[in-house]
>>> print(open('protein37.cif').read())   # mmCIF, C-alpha atoms
data_protein
#
loop_
_atom_site.label_atom_id
_atom_site.label_comp_id
_atom_site.auth_asym_id
_atom_site.auth_seq_id
_atom_site.Cartn_x
_atom_site.Cartn_y
_atom_site.Cartn_z
CA MET L 160 -10.15 6.34 -33.41
CA LYS L 161 -9.88 3.62 -30.80
CA GLU L 162 -11.46 4.66 -27.50
CA ARG L 163 -8.98 4.84 -24.65
CA HIS L 164 -9.59 3.43 -21.24
CA ARG L 165 -10.47 5.91 -18.56
CA TYR L 166 -7.61 4.71 -16.34
CA GLY L 167 -4.24 3.47 -17.50
CA ILE L 168 -1.78 1.36 -15.62
CA GLU L 169 -0.20 4.59 -14.38
CA GLY L 170 -3.45 5.82 -12.83
CA ILE L 171 -4.25 2.46 -11.27
CA PHE L 172 -0.74 2.20 -9.81
CA ALA L 173 -0.87 5.77 -8.47
CA SER L 174 -4.30 5.10 -6.92
CA ILE L 175 -3.08 1.97 -5.15
CA LEU L 176 -0.08 3.86 -3.83
CA PHE L 177 -2.35 6.70 -2.70
CA VAL L 178 -4.53 4.30 -0.71
CA ALA L 179 -1.38 2.87 0.89
CA LEU L 180 -0.30 6.45 1.70
CA ILE L 181 -3.63 7.13 3.42
CA VAL L 182 -3.29 3.95 5.49
CA VAL L 183 0.27 4.84 6.53
CA VAL L 184 -0.71 8.40 7.49
CA LEU L 185 -3.66 7.08 9.50
CA LEU L 186 -1.29 4.72 11.32
CA GLN L 187 0.98 7.67 11.98
CA VAL L 188 -1.86 9.79 13.38
CA ALA L 189 -3.23 6.93 15.46
CA GLY L 190 0.26 6.29 16.82
CA ARG L 191 0.37 9.84 18.17
CA THR L 192 -2.72 9.22 20.26
CA LEU L 193 -3.03 6.88 23.21
CA LEU L 194 -4.41 4.04 21.08
CA PHE L 195 -1.06 2.34 20.55
CA PRO L 196 2.65 3.20 20.55
CA SER L 197 4.03 5.31 17.73
CA ILE L 198 5.46 3.48 14.73
CA VAL L 199 8.74 5.12 13.74
CA TRP L 200 8.86 4.08 10.09
CA THR L 201 5.48 5.59 9.11
CA GLU L 202 6.83 9.10 8.57
CA GLU L 203 9.55 8.04 6.16
CA LEU L 204 7.29 5.59 4.35
CA ALA L 205 4.65 8.32 3.92
CA ARG L 206 7.25 10.58 2.30
CA TRP L 207 8.39 7.81 -0.01
CA LEU L 208 4.83 6.92 -1.01
CA TRP L 209 4.06 10.59 -1.65
CA VAL L 210 7.02 10.82 -4.04
CA TRP L 211 5.89 7.69 -5.88
CA VAL L 212 2.28 8.94 -6.13
CA ALA L 213 3.33 12.35 -7.44
CA LEU L 214 5.71 11.03 -10.07
CA ILE L 215 3.45 8.25 -11.32
CA GLY L 216 0.66 10.86 -11.40
CA VAL L 217 2.73 12.90 -13.84
CA ALA L 218 2.92 9.83 -16.05
CA GLU L 219 -0.88 9.51 -15.92
CA VAL L 220 -1.21 13.16 -16.96
CA GLU L 221 1.01 12.36 -19.95
CA ARG L 222 -1.19 9.42 -20.84
CA THR L 223 -4.35 11.50 -20.85
CA ASN L 224 -2.66 14.61 -22.31
CA THR L 225 -4.35 16.80 -19.71
CA HIS L 226 -1.52 19.18 -18.87
CA LEU L 227 -2.06 22.72 -17.80
CA ARG L 228 -1.19 24.71 -20.89
CA MET L 229 -0.91 28.31 -21.82
CA ASN L 230 -2.76 28.29 -25.14
CA PHE L 231 -3.08 32.03 -25.53
CA LEU L 232 -0.63 32.33 -28.42
CA THR L 233 -1.18 28.94 -30.00
CA ASP L 234 -4.95 29.50 -30.26
CA PHE L 235 -4.23 32.16 -32.87
CA LEU L 236 -2.39 29.66 -35.05
CA GLY L 237 -3.93 27.26 -37.54
CA LYS L 238 -4.56 23.63 -36.58
CA ARG L 239 -1.73 22.39 -38.80
CA PHE L 240 0.80 24.80 -37.26
CA GLN L 241 -0.44 23.95 -33.76
CA SER L 242 0.12 20.26 -34.51
CA VAL L 243 3.68 20.91 -35.70
CA LEU L 244 4.41 23.13 -32.71
CA TYR L 245 3.06 20.59 -30.20
CA PHE L 246 5.04 17.86 -31.96
CA LEU L 247 8.22 19.92 -31.53
CA PHE L 248 7.38 20.48 -27.85
CA ASP L 249 6.94 16.73 -27.44
CA LEU L 250 10.25 16.10 -29.21
CA VAL L 251 12.12 18.43 -26.83
CA TRP L 252 10.30 16.84 -23.86
CA LEU L 253 11.21 13.36 -25.12
CA ILE L 254 14.89 14.24 -25.50
CA ALA L 255 14.99 15.81 -22.03
CA MET L 256 13.27 12.79 -20.48
CA CYS L 257 15.71 10.38 -22.15
CA GLN L 258 18.60 12.30 -20.61
CA LEU L 259 16.84 12.27 -17.22
CA ILE L 260 16.28 8.51 -17.51
CA TRP L 261 20.02 8.03 -17.84
CA ILE L 262 20.64 10.22 -14.78
CA ALA L 263 17.92 8.38 -12.83
CA TYR L 264 19.42 5.02 -13.76
CA LYS L 265 22.86 6.11 -12.54
CA THR L 266 21.31 7.42 -9.32
CA VAL L 267 19.48 4.14 -8.68
CA MET L 268 22.70 2.19 -9.26
CA ARG L 269 24.67 4.55 -6.99
CA THR L 270 22.19 4.19 -4.10
CA THR L 271 21.81 0.41 -4.06
CA ARG L 272 23.93 0.15 -0.91
CA ASN L 273 22.48 3.14 0.96
CA GLN L 274 20.28 1.92 3.77
CA SER L 275 17.13 3.84 4.64
CA VAL L 276 17.04 5.37 8.10
CA THR L 277 13.92 3.59 9.37
CA LEU L 278 12.73 1.30 6.55
CA ILE L 279 13.98 -2.14 5.57
CA PHE L 280 14.47 -0.94 1.97
CA ASN L 281 17.55 0.61 0.47
CA ASP L 282 17.35 4.14 -0.90
CA TRP L 283 17.28 2.91 -4.50
CA VAL L 284 13.59 2.10 -4.03
CA LEU L 285 12.87 5.80 -3.55
CA TYR L 286 14.97 6.86 -6.55
CA LEU L 287 13.44 4.14 -8.67
CA SER L 288 10.19 6.14 -8.60
CA PHE L 289 11.60 8.75 -10.98
CA LEU L 290 13.04 6.11 -13.29
CA VAL L 291 9.73 4.23 -13.51
CA ALA L 292 7.70 7.41 -14.03
CA SER L 293 10.14 8.62 -16.68
CA LEU L 294 9.85 5.37 -18.61
CA PHE L 295 6.05 5.71 -18.56
CA ILE L 296 6.34 9.34 -19.69
CA VAL L 297 8.68 8.50 -22.58
CA PHE L 298 6.36 5.71 -23.68
CA ARG L 299 3.28 7.97 -23.65
CA VAL L 300 5.01 10.93 -25.33
CA GLY L 301 6.32 8.56 -28.00
CA GLN L 302 2.80 7.20 -28.50
CA ARG L 303 1.44 10.72 -28.87
CA MET L 304 4.15 11.63 -31.38
CA ILE L 305 3.42 8.55 -33.47
CA LEU L 306 -0.30 9.41 -33.50
CA THR L 307 0.59 12.93 -34.61
CA LEU L 308 2.75 11.59 -37.44
CA GLN L 309 -0.12 9.33 -38.50
CA GLY L 310 -2.37 12.38 -38.70
CA LYS L 311 -4.55 11.42 -35.75
CA SER L 312 -5.56 14.25 -33.45
CA GLN L 313 -3.84 14.44 -30.07
CA SER L 314 -6.03 17.24 -28.79
CA VAL L 315 -8.91 14.98 -27.73
CA ARG L 316 -8.72 14.38 -24.03
CA ILE L 317 -9.90 11.21 -22.38
CA ASN L 318 -12.15 12.73 -19.74
CA GLN L 319 -14.23 14.87 -22.09
#
>>> encode(input="protein37.cif", output="structure tokens")
Amino acid sequence: MKERHRYGIEGIFASILFVALIVVVLLQVAGRTLLFPSIVWTEELARWLWVWVALIGVAEVERTNTHLRMNFLTDFLGKRFQSVLYFLFDLVWLIAMCQLIWIAYKTVMRTTRNQSVTLIFNDWVLYLSFLVASLFIVFRVGQRMILTLQGKSQSVRINQ
């Protein structure tokens, strides 16, 4: 089986956003001291970056298939039955995510005119985070399902 990269585009993107979050929070903390005047937009930007990091992080977890799982019952099943069961779980997850993508798209379109309180961006930038993460998730779940149908194991994790 082809060796996967340690970091995918999702992980790299989340890491870059996390570094930006650290910089914004440091600016916020420094602005509360006597070093320089407080910057009003740092609090809202930190919240927005945190949302982006968290959601893109979920997409990275999908890519690496490193979810927290309760395997107590499935460990008693045979490998073939486990594969079918996990495939069905992925199918339900894929259907749910496709529905959520539609809802996220409508939300982004509905908020294109809503102005942020302190930032120069409109609110759609915040809601776009879920849409982008959902697209990554659907892509990775679809990949995993195709590998399962091809008979390739999905249980091997990247970081092992």
>>> resolve_selection(input="protein37.cif", expression="the PyMOL selection byres ((chain L and resi 270-277) around 12)", output="list in words")
Ile198, Val199, Trp200, Thr201, Glu202, Glu203, Leu204, Ala205, Arg206, Trp207, Ala263, Tyr264, Lys265, Thr266, Val267, Met268, Arg269, Leu278, Ile279, Phe280, Asn281, Asp282, Trp283, Val284, Leu285, Tyr286 and Leu287 of chain L
>>> write_last_selection(input="protein37.cif", atoms="C-alpha atoms", output="mmCIF file, in the coordinates of the input")
data_model
loop_
_atom_site.group_PDB
_atom_site.id
_atom_site.type_symbol
_atom_site.label_atom_id
_atom_site.label_comp_id
_atom_site.auth_asym_id
_atom_site.auth_seq_id
_atom_site.Cartn_x
_atom_site.Cartn_y
_atom_site.Cartn_z
ATOM 1 C CA ILE L 198 5.460 3.480 14.730
ATOM 2 C CA VAL L 199 8.740 5.120 13.740
ATOM 3 C CA TRP L 200 8.860 4.080 10.090
ATOM 4 C CA THR L 201 5.480 5.590 9.110
ATOM 5 C CA GLU L 202 6.830 9.100 8.570
ATOM 6 C CA GLU L 203 9.550 8.040 6.160
ATOM 7 C CA LEU L 204 7.290 5.590 4.350
ATOM 8 C CA ALA L 205 4.650 8.320 3.920
ATOM 9 C CA ARG L 206 7.250 10.580 2.300
ATOM 10 C CA TRP L 207 8.390 7.810 -0.010
ATOM 11 C CA ALA L 263 17.920 8.380 -12.830
ATOM 12 C CA TYR L 264 19.420 5.020 -13.760
ATOM 13 C CA LYS L 265 22.860 6.110 -12.540
ATOM 14 C CA THR L 266 21.310 7.420 -9.320
ATOM 15 C CA VAL L 267 19.480 4.140 -8.680
ATOM 16 C CA MET L 268 22.700 2.190 -9.260
ATOM 17 C CA ARG L 269 24.670 4.550 -6.990
ATOM 18 C CA LEU L 278 12.730 1.300 6.550
ATOM 19 C CA ILE L 279 13.980 -2.140 5.570
ATOM 20 C CA PHE L 280 14.470 -0.940 1.970
ATOM 21 C CA ASN L 281 17.550 0.610 0.470
ATOM 22 C CA ASP L 282 17.350 4.140 -0.900
ATOM 23 C CA TRP L 283 17.280 2.910 -4.500
ATOM 24 C CA VAL L 284 13.590 2.100 -4.030
ATOM 25 C CA LEU L 285 12.870 5.800 -3.550
ATOM 26 C CA TYR L 286 14.970 6.860 -6.550
ATOM 27 C CA LEU L 287 13.440 4.140 -8.670
#
>>> closest_residue(input="protein37.cif", among="L:Asn230, L:Gln241, L:Ser293, L:Thr225", to="Ile262 (chain L)", atoms="only C-alpha atoms")
L:Ser293
>>> atom_distance(input="protein37.cif", atom1="CA of Thr223 (chain L)", atom2="CA of Phe240 (chain L)")
21.7 Å
>>> resolve_selection(input="protein37.cif", expression="the PyMOL selection byres ((chain L and resi 242) around 12)", output="mmCIF file with C-alpha atoms, in the frame of the given file")
data_model
loop_
_atom_site.group_PDB
_atom_site.id
_atom_site.type_symbol
_atom_site.label_atom_id
_atom_site.label_comp_id
_atom_site.auth_asym_id
_atom_site.auth_seq_id
_atom_site.Cartn_x
_atom_site.Cartn_y
_atom_site.Cartn_z
ATOM 1 C CA THR L 233 -1.180 28.940 -30.000
ATOM 2 C CA ASP L 234 -4.950 29.500 -30.260
ATOM 3 C CA LEU L 236 -2.390 29.660 -35.050
ATOM 4 C CA GLY L 237 -3.930 27.260 -37.540
ATOM 5 C CA LYS L 238 -4.560 23.630 -36.580
ATOM 6 C CA ARG L 239 -1.730 22.390 -38.800
ATOM 7 C CA PHE L 240 0.800 24.800 -37.260
ATOM 8 C CA GLN L 241 -0.440 23.950 -33.760
ATOM 9 C CA VAL L 243 3.680 20.910 -35.700
ATOM 10 C CA LEU L 244 4.410 23.130 -32.710
ATOM 11 C CA TYR L 245 3.060 20.590 -30.200
ATOM 12 C CA PHE L 246 5.040 17.860 -31.960
ATOM 13 C CA LEU L 247 8.220 19.920 -31.530
ATOM 14 C CA PHE L 248 7.380 20.480 -27.850
ATOM 15 C CA ASP L 249 6.940 16.730 -27.440
ATOM 16 C CA ARG L 303 1.440 10.720 -28.870
ATOM 17 C CA MET L 304 4.150 11.630 -31.380
ATOM 18 C CA LEU L 306 -0.300 9.410 -33.500
ATOM 19 C CA THR L 307 0.590 12.930 -34.610
ATOM 20 C CA LEU L 308 2.750 11.590 -37.440
ATOM 21 C CA GLN L 309 -0.120 9.330 -38.500
ATOM 22 C CA GLY L 310 -2.370 12.380 -38.700
ATOM 23 C CA LYS L 311 -4.550 11.420 -35.750
ATOM 24 C CA SER L 312 -5.560 14.250 -33.450
ATOM 25 C CA GLN L 313 -3.840 14.440 -30.070
ATOM 26 C CA SER L 314 -6.030 17.240 -28.790
#
>>> residues_around(input="protein37.cif", residues="Val217 (chain L)", least_positions_apart="3", cutoff="8 Å", atoms="all atoms listed in the file", output="PyMOL selection string")
chain L and resi 213-214+220-221+292+296
>>> atom_distance(input="protein37.cif", atom1="CA of Arg222 (chain L)", atom2="CA of Ser174 (chain L)")
14.9 Å
>>> atom_distance(input="protein37.cif", atom1="CA of Ala179 (chain L)", atom2="CA of Leu208 (chain L)")
7.7 Å
>>> residues_around(input="protein37.cif", residues="Ile260 (chain L)", least_positions_apart="5", cutoff="9 Å", atoms="all atoms listed in the file", output="list of chain:residue names")
L:Ala255, L:Lys265, L:Phe289, L:Leu290, L:Val291, L:Ser293, L:Leu294
>>> closest_residue(input="protein37.cif", among="L:Gln258, L:Ser197, L:Thr192, L:Gln187", to="Val297 (chain L)", atoms="all atoms listed in the file")
L:Gln258
>>> closest_residue(input="protein37.cif", among="L:Val251, L:Leu227, L:Leu259, L:Leu176", to="Val212 (chain L)", atoms="only C-alpha atoms")
L:Leu176
